[in-house]
Structures are given as structure tokens and as C-alpha cells.
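Q: run_38.pdb is the file, holding PDB, N, CA, C and O atoms:
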MODEL        1
ATOM      1  N   MET L  79     148.029  29.838 106.232
ATOM      2  CA  MET L  79     148.003  29.782 107.684
ATOM      3  C   MET L  79     147.915  31.212 108.198
ATOM      4  O   MET L  79     148.557  32.117 107.671
ATOM      5  N   ASN L  80     147.122  31.399 109.216
ATOM      6  CA  ASN L  80     146.975  32.719 109.834
ATOM      7  C   ASN L  80     146.601  32.500 111.299
ATOM      8  O   ASN L  80     145.438  32.543 111.661
ATOM      9  N   VAL L  81     147.602  32.257 112.142
ATOM     10  CA  VAL L  81     147.393  31.928 113.548
ATOM     11  C   VAL L  81     147.860  33.111 114.396
ATOM     12  O   VAL L  81     148.955  33.629 114.182
ATOM     13  N   PRO L  82     147.052  33.568 115.358
ATOM     14  CA  PRO L  82     147.512  34.652 116.217
ATOM     15  C   PRO L  82     148.703  34.212 117.064
ATOM     16  O   PRO L  82     148.773  33.069 117.516
ATOM     17  N   GLY L  83     149.613  35.137 117.252
ATOM     18  CA  GLY L  83     150.783  34.854 118.080
ATOM     19  C   GLY L  83     151.256  36.112 118.774
ATOM     20  O   GLY L  83     150.813  37.215 118.461
ATOM     21  N   THR L  84     152.153  35.925 119.704
ATOM     22  CA  THR L  84     152.765  37.031 120.441
ATOM     23  C   THR L  84     154.211  36.670 120.690
ATOM     24  O   THR L  84     154.510  35.519 120.989
ATOM     25  N   TYR L  85     155.101  37.647 120.533
ATOM     26  CA  TYR L  85     156.464  37.382 120.955
ATOM     27  C   TYR L  85     156.877  38.412 121.988
ATOM     28  O   TYR L  85     156.350  39.521 122.045
ATOM     29  N   VAL L  86     157.802  37.994 122.842
ATOM     30  CA  VAL L  86     158.328  38.843 123.908
ATOM     31  C   VAL L  86     159.800  39.077 123.584
ATOM     32  O   VAL L  86     160.566  38.121 123.447
ATOM     33  N   ASP L  87     160.183  40.350 123.453
ATOM     34  CA  ASP L  87     161.567  40.663 123.103
ATOM     35  C   ASP L  87     162.455  40.734 124.346
ATOM     36  O   ASP L  87     161.994  40.495 125.462
ATOM     37  N   ALA L  88     163.718  41.062 124.146
ATOM     38  CA  ALA L  88     164.694  41.088 125.244
ATOM     39  C   ALA L  88     164.348  42.127 126.299
ATOM     40  O   ALA L  88     164.740  41.990 127.461
ATOM     41  N   GLN L  89     163.607  43.161 125.921
ATOM     42  CA  GLN L  89     163.184  44.186 126.883
ATOM     43  C   GLN L  89     161.857  43.830 127.547
ATOM     44  O   GLN L  89     161.267  44.646 128.231
ATOM     45  N   ARG L  90     161.397  42.623 127.304
ATOM     46  CA  ARG L  90     160.147  42.083 127.850
ATOM     47  C   ARG L  90     158.899  42.816 127.360
ATOM     48  O   ARG L  90     157.882  42.856 128.038
ATOM     49  N   ALA L  91     158.994  43.392 126.177
ATOM     50  CA  ALA L  91     157.836  44.019 125.544
ATOM     51  C   ALA L  91     157.106  42.960 124.728
ATOM     52  O   ALA L  91     157.734  42.108 124.094
ATOM     53  N   PHE L  92     155.775  43.014 124.745
ATOM     54  CA  PHE L  92     154.940  42.057 124.019
ATOM     55  C   PHE L  92     154.554  42.647 122.660
ATOM     56  O   PHE L  92     154.217  43.823 122.576
ATOM     57  N   HIS L  93     154.608  41.815 121.614
ATOM     58  CA  HIS L  93     154.286  42.230 120.255
ATOM     59  C   HIS L  93     153.325  41.205 119.655
ATOM     60  O   HIS L  93     153.664  40.026 119.565
ATOM     61  N   ASP L  94     152.151  41.660 119.232
ATOM     62  CA  ASP L  94     151.185  40.766 118.584
ATOM     63  C   ASP L  94     151.560  40.586 117.124
ATOM     64  O   ASP L  94     151.895  41.562 116.427
ATOM     65  N   VAL L  95     151.533  39.353 116.664
ATOM     66  CA  VAL L  95     151.857  39.016 115.284
ATOM     67  C   VAL L  95     150.883  37.963 114.778
ATOM     68  O   VAL L  95     150.086  37.430 115.539
ATOM     69  N   ARG L  96     150.979  37.674 113.485
ATOM     70  CA  ARG L  96     150.255  36.561 112.874
ATOM     71  C   ARG L  96     151.302  35.569 112.396
ATOM     72  O   ARG L  96     152.272  35.953 111.722
ATOM     73  N   VAL L  97     151.127  34.318 112.735
ATOM     74  CA  VAL L  97     152.013  33.265 112.237
ATOM     75  C   VAL L  97     151.453  32.841 110.889
ATOM     76  O   VAL L  97     150.334  32.340 110.805
ATOM     77  N   VAL L  98     152.221  33.085 109.835
ATOM     78  CA  VAL L  98     151.739  32.821 108.480
ATOM     79  C   VAL L  98     152.414  31.604 107.854
ATOM     80  O   VAL L  98     152.062  31.199 106.747
ATOM     81  N   GLY L  99     153.365  31.014 108.556
ATOM     82  CA  GLY L  99     154.028  29.790 108.111
ATOM     83  C   GLY L  99     154.626  29.105 109.319
ATOM     84  O   GLY L  99     155.110  29.780 110.234
ATOM     85  N   LEU L 100     154.578  27.787 109.357
ATOM     86  CA  LEU L 100     155.057  27.061 110.529
ATOM     87  C   LEU L 100     155.648  25.721 110.116
ATOM     88  O   LEU L 100     155.051  24.987 109.319
ATOM     89  N   SER L 101     156.824  25.420 110.643
ATOM     90  CA  SER L 101     157.432  24.100 110.498
ATOM     91  C   SER L 101     157.973  23.712 111.866
ATOM     92  O   SER L 101     157.887  24.497 112.822
ATOM     93  N   CYS L 102     158.541  22.544 111.973
ATOM     94  CA  CYS L 102     159.086  22.111 113.267
ATOM     95  C   CYS L 102     160.245  22.997 113.713
ATOM     96  O   CYS L 102     160.436  23.208 114.904
ATOM     97  N   GLY L 103     160.995  23.535 112.767
ATOM     98  CA  GLY L 103     162.190  24.287 113.116
ATOM     99  C   GLY L 103     162.048  25.786 113.154
ATOM    100  O   GLY L 103     162.862  26.480 113.765
ATOM    101  N   ASP L 104     160.996  26.324 112.499
ATOM    102  CA  ASP L 104     160.869  27.778 112.461
ATOM    103  C   ASP L 104     159.451  28.189 112.096
ATOM    104  O   ASP L 104     158.592  27.349 111.839
ATOM    105  N   CYS L 105     159.244  29.501 112.084
ATOM    106  CA  CYS L 105     157.957  30.036 111.659
ATOM    107  C   CYS L 105     158.177  31.367 110.964
ATOM    108  O   CYS L 105     159.228  31.999 111.108
ATOM    109  N   LEU L 106     157.186  31.800 110.203
ATOM    110  CA  LEU L 106     157.163  33.119 109.606
ATOM    111  C   LEU L 106     156.094  33.918 110.311
ATOM    112  O   LEU L 106     154.969  33.432 110.495
ATOM    113  N   VAL L 107     156.433  35.140 110.735
ATOM    114  CA  VAL L 107     155.459  35.992 111.394
ATOM    115  C   VAL L 107     155.297  37.285 110.611
ATOM    116  O   VAL L 107     156.227  37.776 109.981
ATOM    117  N   ALA L 108     154.106  37.832 110.670
ATOM    118  CA  ALA L 108     153.787  39.117 110.065
ATOM    119  C   ALA L 108     153.045  39.945 111.095
ATOM    120  O   ALA L 108     152.433  39.396 112.008
ATOM    121  N   GLY L 109     153.108  41.237 110.965
ATOM    122  CA  GLY L 109     152.348  42.099 111.864
ATOM    123  C   GLY L 109     153.193  43.176 112.493
ATOM    124  O   GLY L 109     152.857  44.339 112.430
ATOM    125  N   GLU L 110     154.312  42.830 113.107
ATOM    126  CA  GLU L 110     155.215  43.800 113.719
ATOM    127  C   GLU L 110     156.665  43.453 113.421
ATOM    128  O   GLU L 110     157.511  43.556 114.286
ATOM    129  N   PRO L 111     156.972  43.028 112.203
ATOM    130  CA  PRO L 111     158.347  42.609 111.949
ATOM    131  C   PRO L 111     159.368  43.733 112.047
ATOM    132  O   PRO L 111     160.553  43.478 112.186
ATOM    133  N   ASP L 112     158.938  45.006 111.995
ATOM    134  CA  ASP L 112     159.890  46.109 112.100
ATOM    135  C   ASP L 112     160.544  46.181 113.469
ATOM    136  O   ASP L 112     161.597  46.787 113.627
ATOM    137  N   SER L 113     159.931  45.561 114.470
ATOM    138  CA  SER L 113     160.510  45.593 115.813
ATOM    139  C   SER L 113     161.528  44.468 116.018
ATOM    140  O   SER L 113     162.152  44.393 117.065
ATOM    141  N   LEU L 114     161.706  43.606 115.007
ATOM    142  CA  LEU L 114     162.670  42.504 115.098
ATOM    143  C   LEU L 114     163.974  42.878 114.406
ATOM    144  O   LEU L 114     163.978  43.649 113.457
ATOM    145  N   SER L 115     165.064  42.311 114.898
ATOM    146  CA  SER L 115     166.335  42.436 114.199
ATOM    147  C   SER L 115     167.005  41.072 114.191
ATOM    148  O   SER L 115     166.880  40.296 115.142
ATOM    149  N   ALA L 116     167.697  40.778 113.101
ATOM    150  CA  ALA L 116     168.338  39.471 112.938
ATOM    151  C   ALA L 116     169.261  39.180 114.113
ATOM    152  O   ALA L 116     170.024  40.039 114.550
ATOM    153  N   GLY L 117     169.139  37.976 114.648
ATOM    154  CA  GLY L 117     169.969  37.537 115.758
ATOM    155  C   GLY L 117     169.395  37.789 117.128
ATOM    156  O   GLY L 117     169.902  37.269 118.118
ATOM    157  N   SER L 118     168.320  38.578 117.211
ATOM    158  CA  SER L 118     167.758  38.870 118.528
ATOM    159  C   SER L 118     167.044  37.650 119.103
ATOM    160  O   SER L 118     166.381  36.905 118.389
ATOM    161  N   GLU L 119     167.214  37.443 120.405
ATOM    162  CA  GLU L 119     166.557  36.337 121.099
ATOM    163  C   GLU L 119     165.181  36.782 121.556
ATOM    164  O   GLU L 119     164.980  37.949 121.916
ATOM    165  N   LEU L 120     164.235  35.851 121.557
ATOM    166  CA  LEU L 120     162.867  36.163 121.954
ATOM    167  C   LEU L 120     162.170  34.901 122.416
ATOM    168  O   LEU L 120     162.706  33.803 122.298
ATOM    169  N   ARG L 121     160.999  35.094 122.937
ATOM    170  CA  ARG L 121     160.094  33.987 123.265
ATOM    171  C   ARG L 121     158.816  34.243 122.507
ATOM    172  O   ARG L 121     158.315  35.356 122.482
ATOM    173  N   ILE L 122     158.289  33.176 121.893
ATOM    174  CA  ILE L 122     157.081  33.334 121.089
ATOM    175  C   ILE L 122     155.992  32.391 121.583
ATOM    176  O   ILE L 122     156.276  31.286 122.060
ATOM    177  N   PHE L 123     154.771  32.869 121.505
ATOM    178  CA  PHE L 123     153.569  32.087 121.797
ATOM    179  C   PHE L 123     152.815  31.970 120.479
ATOM    180  O   PHE L 123     152.580  32.978 119.805
ATOM    181  N   ILE L 124     152.454  30.745 120.101
ATOM    182  CA  ILE L 124     151.694  30.502 118.882
ATOM    183  C   ILE L 124     150.367  29.904 119.305
ATOM    184  O   ILE L 124     150.326  28.792 119.833
ATOM    185  N   GLY L 125     149.293  30.660 119.088
ATOM    186  CA  GLY L 125     148.011  30.221 119.626
ATOM    187  C   GLY L 125     148.158  30.054 121.127
ATOM    188  O   GLY L 125     148.626  30.955 121.818
ATOM    189  N   ALA L 126     147.807  28.883 121.649
ATOM    190  CA  ALA L 126     147.923  28.613 123.087
ATOM    191  C   ALA L 126     149.226  27.885 123.435
ATOM    192  O   ALA L 126     149.404  27.450 124.565
ATOM    193  N   ILE L 127     150.143  27.756 122.471
ATOM    194  CA  ILE L 127     151.411  27.047 122.684
ATOM    195  C   ILE L 127     152.504  28.050 123.026
ATOM    196  O   ILE L 127     152.672  29.054 122.350
ATOM    197  N   GLY L 128     153.254  27.784 124.050
ATOM    198  CA  GLY L 128     154.402  28.636 124.383
ATOM    199  C   GLY L 128     154.543  28.798 125.876
ATOM    200  O   GLY L 128     153.725  28.283 126.641
ATOM    201  N   PRO L 129     155.579  29.461 126.295
ATOM    202  CA  PRO L 129     156.549  30.183 125.484
ATOM    203  C   PRO L 129     157.541  29.237 124.814
ATOM    204  O   PRO L 129     157.898  28.196 125.358
ATOM    205  N   ILE L 130     157.969  29.633 123.621
ATOM    206  CA  ILE L 130     158.952  28.878 122.845
ATOM    207  C   ILE L 130     160.173  29.779 122.674
ATOM    208  O   ILE L 130     160.058  30.885 122.132
ATOM    209  N   ASP L 131     161.329  29.334 123.147
ATOM    210  CA  ASP L 131     162.555  30.102 122.975
ATOM    211  C   ASP L 131     162.951  30.093 121.510
ATOM    212  O   ASP L 131     162.898  29.051 120.847
ATOM    213  N   ALA L 132     163.333  31.265 120.997
ATOM    214  CA  ALA L 132     163.616  31.384 119.574
ATOM    215  C   ALA L 132     164.602  32.519 119.315
ATOM    216  O   ALA L 132     164.971  33.266 120.230
ATOM    217  N   ARG L 133     164.994  32.623 118.058
ATOM    218  CA  ARG L 133     165.898  33.683 117.610
ATOM    219  C   ARG L 133     165.392  34.197 116.264
ATOM    220  O   ARG L 133     165.053  33.407 115.378
ATOM    221  N   ALA L 134     165.340  35.515 116.120
ATOM    222  CA  ALA L 134     164.954  36.111 114.850
ATOM    223  C   ALA L 134     166.049  35.831 113.826
ATOM    224  O   ALA L 134     167.229  36.005 114.124
ATOM    225  N   GLU L 135     165.681  35.374 112.638
ATOM    226  CA  GLU L 135     166.652  35.000 111.614
ATOM    227  C   GLU L 135     166.792  36.054 110.526
ATOM    228  O   GLU L 135     167.846  36.624 110.375
ATOM    229  N   GLN L 136     165.722  36.263 109.743
ATOM    230  CA  GLN L 136     165.837  37.159 108.605
ATOM    231  C   GLN L 136     164.470  37.618 108.137
ATOM    232  O   GLN L 136     163.472  36.959 108.360
ATOM    233  N   ARG L 137     164.460  38.768 107.480
ATOM    234  CA  ARG L 137     163.233  39.287 106.877
ATOM    235  C   ARG L 137     162.962  38.506 105.597
ATOM    236  O   ARG L 137     163.877  38.217 104.838
ATOM    237  N   CYS L 138     161.703  38.174 105.379
ATOM    238  CA  CYS L 138     161.260  37.465 104.175
ATOM    239  C   CYS L 138     160.086  38.245 103.595
ATOM    240  O   CYS L 138     158.937  37.936 103.884
ATOM    241  N   GLY L 139     160.372  39.297 102.839
ATOM    242  CA  GLY L 139     159.311  40.160 102.312
ATOM    243  C   GLY L 139     158.644  40.917 103.451
ATOM    244  O   GLY L 139     159.299  41.631 104.193
ATOM    245  N   GLU L 140     157.346  40.724 103.611
ATOM    246  CA  GLU L 140     156.589  41.387 104.673
ATOM    247  C   GLU L 140     156.643  40.622 105.987
ATOM    248  O   GLU L 140     156.090  41.060 106.980
ATOM    249  N   SER L 141     157.286  39.471 105.992
ATOM    250  CA  SER L 141     157.338  38.601 107.174
ATOM    251  C   SER L 141     158.759  38.514 107.717
ATOM    252  O   SER L 141     159.698  39.025 107.113
ATOM    253  N   TYR L 142     158.884  37.847 108.861
ATOM    254  CA  TYR L 142     160.189  37.629 109.472
ATOM    255  C   TYR L 142     160.283  36.165 109.879
ATOM    256  O   TYR L 142     159.337  35.619 110.438
ATOM    257  N   ARG L 143     161.415  35.545 109.578
ATOM    258  CA  ARG L 143     161.620  34.141 109.944
ATOM    259  C   ARG L 143     162.177  34.078 111.360
ATOM    260  O   ARG L 143     163.129  34.763 111.700
ATOM    261  N   ILE L 144     161.559  33.221 112.175
ATOM    262  CA  ILE L 144     161.984  33.005 113.557
ATOM    263  C   ILE L 144     162.330  31.526 113.702
ATOM    264  O   ILE L 144     161.501  30.667 113.403
ATOM    265  N   ARG L 145     163.546  31.246 114.137
ATOM    266  CA  ARG L 145     164.014  29.862 114.317
ATOM    267  C   ARG L 145     163.883  29.471 115.780
ATOM    268  O   ARG L 145     164.308  30.205 116.662
ATOM    269  N   PHE L 146     163.303  28.291 116.033
ATOM    270  CA  PHE L 146     163.122  27.787 117.385
ATOM    271  C   PHE L 146     164.434  27.204 117.911
ATOM    272  O   PHE L 146     165.153  26.532 117.171
ATOM    273  N   VAL L 147     164.725  27.433 119.189
ATOM    274  CA  VAL L 147     165.917  26.849 119.806
ATOM    275  C   VAL L 147     165.785  25.340 119.830
ATOM    276  O   VAL L 147     166.718  24.613 119.490
ATOM    277  N   THR L 148     164.618  24.855 120.213
ATOM    278  CA  THR L 148     164.303  23.420 120.210
ATOM    279  C   THR L 148     163.145  23.209 119.238
ATOM    280  O   THR L 148     162.099  23.846 119.388
ATOM    281  N   PRO L 149     163.311  22.340 118.246
ATOM    282  CA  PRO L 149     162.234  22.130 117.272
ATOM    283  C   PRO L 149     160.917  21.702 117.932
ATOM    284  O   PRO L 149     160.909  21.029 118.967
ATOM    285  N   LEU L 150     159.828  22.106 117.303
ATOM    286  CA  LEU L 150     158.496  21.696 117.769
ATOM    287  C   LEU L 150     158.244  20.244 117.404
ATOM    288  O   LEU L 150     158.790  19.727 116.429
ATOM    289  N   GLU L 151     157.384  19.613 118.163
ATOM    290  CA  GLU L 151     156.938  18.259 117.845
ATOM    291  C   GLU L 151     156.102  18.329 116.553
ATOM    292  O   GLU L 151     155.300  19.258 116.376
ATOM    293  N   PRO L 152     156.247  17.372 115.664
ATOM    294  CA  PRO L 152     155.466  17.375 114.421
ATOM    295  C   PRO L 152     153.956  17.455 114.648
ATOM    296  O   PRO L 152     153.242  18.084 113.875
ATOM    297  N   ARG L 153     153.467  16.858 115.721
ATOM    298  CA  ARG L 153     152.015  16.884 115.959
ATOM    299  C   ARG L 153     151.511  18.305 116.232
ATOM    300  O   ARG L 153     150.362  18.623 115.926
ATOM    301  N   ILE L 154     152.360  19.180 116.778
ATOM    302  CA  ILE L 154     151.963  20.576 116.993
ATOM    303  C   ILE L 154     151.803  21.273 115.647
ATOM    304  O   ILE L 154     150.812  21.972 115.407
ATOM    305  N   VAL L 155     152.757  21.073 114.764
ATOM    306  CA  VAL L 155     152.688  21.671 113.428
ATOM    307  C   VAL L 155     151.468  21.138 112.684
ATOM    308  O   VAL L 155     150.721  21.908 112.055
ATOM    309  N   GLU L 156     151.217  19.847 112.768
ATOM    310  CA  GLU L 156     150.066  19.232 112.119
ATOM    311  C   GLU L 156     148.757  19.820 112.640
ATOM    312  O   GLU L 156     147.809  20.040 111.888
ATOM    313  N   HIS L 157     148.691  20.072 113.946
ATOM    314  CA  HIS L 157     147.496  20.656 114.568
ATOM    315  C   HIS L 157     147.169  22.009 113.935
ATOM    316  O   HIS L 157     146.029  22.268 113.542
ATOM    317  N   PHE L 158     148.184  22.874 113.827
ATOM    318  CA  PHE L 158     147.930  24.207 113.253
ATOM    319  C   PHE L 158     147.675  24.138 111.757
ATOM    320  O   PHE L 158     146.893  24.922 111.232
ATOM    321  N   ALA L 159     148.309  23.216 111.055
ATOM    322  CA  ALA L 159     148.084  23.069 109.617
ATOM    323  C   ALA L 159     146.665  22.629 109.321
ATOM    324  O   ALA L 159     146.102  22.983 108.287
ATOM    325  N   ALA L 160     146.070  21.850 110.216
ATOM    326  CA  ALA L 160     144.717  21.342 110.013
ATOM    327  C   ALA L 160     143.652  22.374 110.358
ATOM    328  O   ALA L 160     142.499  22.219 109.968
ATOM    329  N   ALA L 161     144.021  23.416 111.083
ATOM    330  CA  ALA L 161     143.033  24.418 111.534
ATOM    331  C   ALA L 161     142.629  25.353 110.416
ATOM    332  O   ALA L 161     143.270  25.564 109.467
TER     333      ALA L 161
ENDMDL
END
Turn the structure described in the file into C-alpha cells.

A:
Amino acid sequence: MNVPGTYVDAQRAFHDVRVVGLSCGDCLVAGEPDSLSAGSELRIFIGAIGPIDARAEQRCGESYRIRFVTPLEPRIVEHFAAA
């Protein structure tokens, strides 16, 4: 998976990322993970979907795991998986 995304941090700065993994409860992003810190709240846009309230969880190699406050509908995940 390689979907363009953007997240907005607490200071309202925009950061372009690539969503490299997606499930109903979380996603993995790559591109600007150095600007994230565990526990920070953010809003993320995945493709044309968003804003989605989320929290940065943990670094996973070159990526960062972001957990959604409210899980995504399965059909949204299926849409991106099929692309």
C-alpha cells in the first residue's frame, strides 16, 4: 500500500506522508515520522478521507503507527486495499 496522506499536528502544521499500512483501527505512515512523538494527538487525511482524529502510537522501523480515535468503517479500508 502506498497512499498519499497528510497529518496536522497540535501546532496546526501540515506534514505530507505515505500511508503504507491501513486497518480499521490504525495505520502506518512513512515520510515524516521524525516529527511525530508517541502519545501526540493529530488529525490525519488519507487520500480524500478525513480529517480523522488520531494519536501517534509508536515507531515501527522507518514508519510510525497512528491509532484512530474512532475506527474506520471496513469498506474504507477495503477501498484503499483494492487500489

Q: Using the chain letters and numbers from this file, what does the PyMOL selection byres (((chain L and resi 117 and name CA) around 12) and name CA) select? Give the answer as a ChimeraX atom specification.

A: /L:87-88,114-116,118-120,132-137,142-145

Q: Considering only C-alpha atoms, state which residue in the set L:Cys102, L:Ala91, L:Ser141, L:Ile154 is at the smallest distance from L:Ile127.

A: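 Once distances to L:Ile127 are computed over only C-alpha atoms, the minimum belongs to L:Ile154.
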
Q: Run DSSP on the backbone and grab whatever in chain L lands in strand (DSSP E); send it over as a ChimeraX atom specification.

A: /L:81-86,92-100,104-108,119-124,127-138,141-146

Q: Between atom CA of L:Ile122 and atom CA of L:Ala160, what is the distance, to one decimal in Å?

A: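 According to the coordinates, atom CA of L:Ile122 and atom CA of L:Ala160 are separated by 20.5 Å.
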
Q: Restricting the calculation to only C-alpha atoms, which member of L:Ile124, L:Ala161, L:Val155, L:Ser113 is positioned closest to L:Leu100?

A: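 Between L:Ile124, L:Ala161, L:Val155, L:Ser113, the residue approaching L:Leu100 most closely is L:Val155.
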
Q: Which distance in Å separates atom C of L:Val86 and atom N of L:Gly128, to one decimal?

A: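 Atom C of L:Val86 sits 13.1 Å away from atom N of L:Gly128.
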
Q: Would you write out, as a count of residues only, every residue that the PyMOL selection byres ((chain L and resi 80) around 8) captures in this file?

A: 11

Q: Could you go through chain L and tell me which residues DSSP, when run on the backbone, assigns to helix (DSSP H, G or I), listing them as a ChimeraX atom specification?

A: /L:111-113,152-160

Q: What does the distance between atom CA of L:Glu140 and atom CA of L:Gln89 come to in Å, to one decimal place?

A: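 Calculated distance between atom CA of L:Glu140 and atom CA of L:Gln89 is 23.3 Å.
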
Q: Would you compute, for all listed atoms of stretch 110-129 of chain L, the axis-aligned bounding box grown by 3 Å on each side, and then report its centre and edge lengths in Å rounded to one decimal, as AutoDock Vina command-line options?

A:
--center_x 158.9 --center_y 36.9 --center_z 119.3 --size_x 28.2 --size_y 25.7 --size_z 20.7

Q: Go through L:Arg90, L:Asp131, L:Thr84, L:Gly125 one by one, measure the shortest atom-to-atom distance of each to L:Gly109 using only C-alpha atoms, and give the residue with the smallest value.

A: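 Checking each of L:Arg90, L:Asp131, L:Thr84, L:Gly125 against L:Gly109, counting only C-alpha atoms, the winner is L:Thr84.
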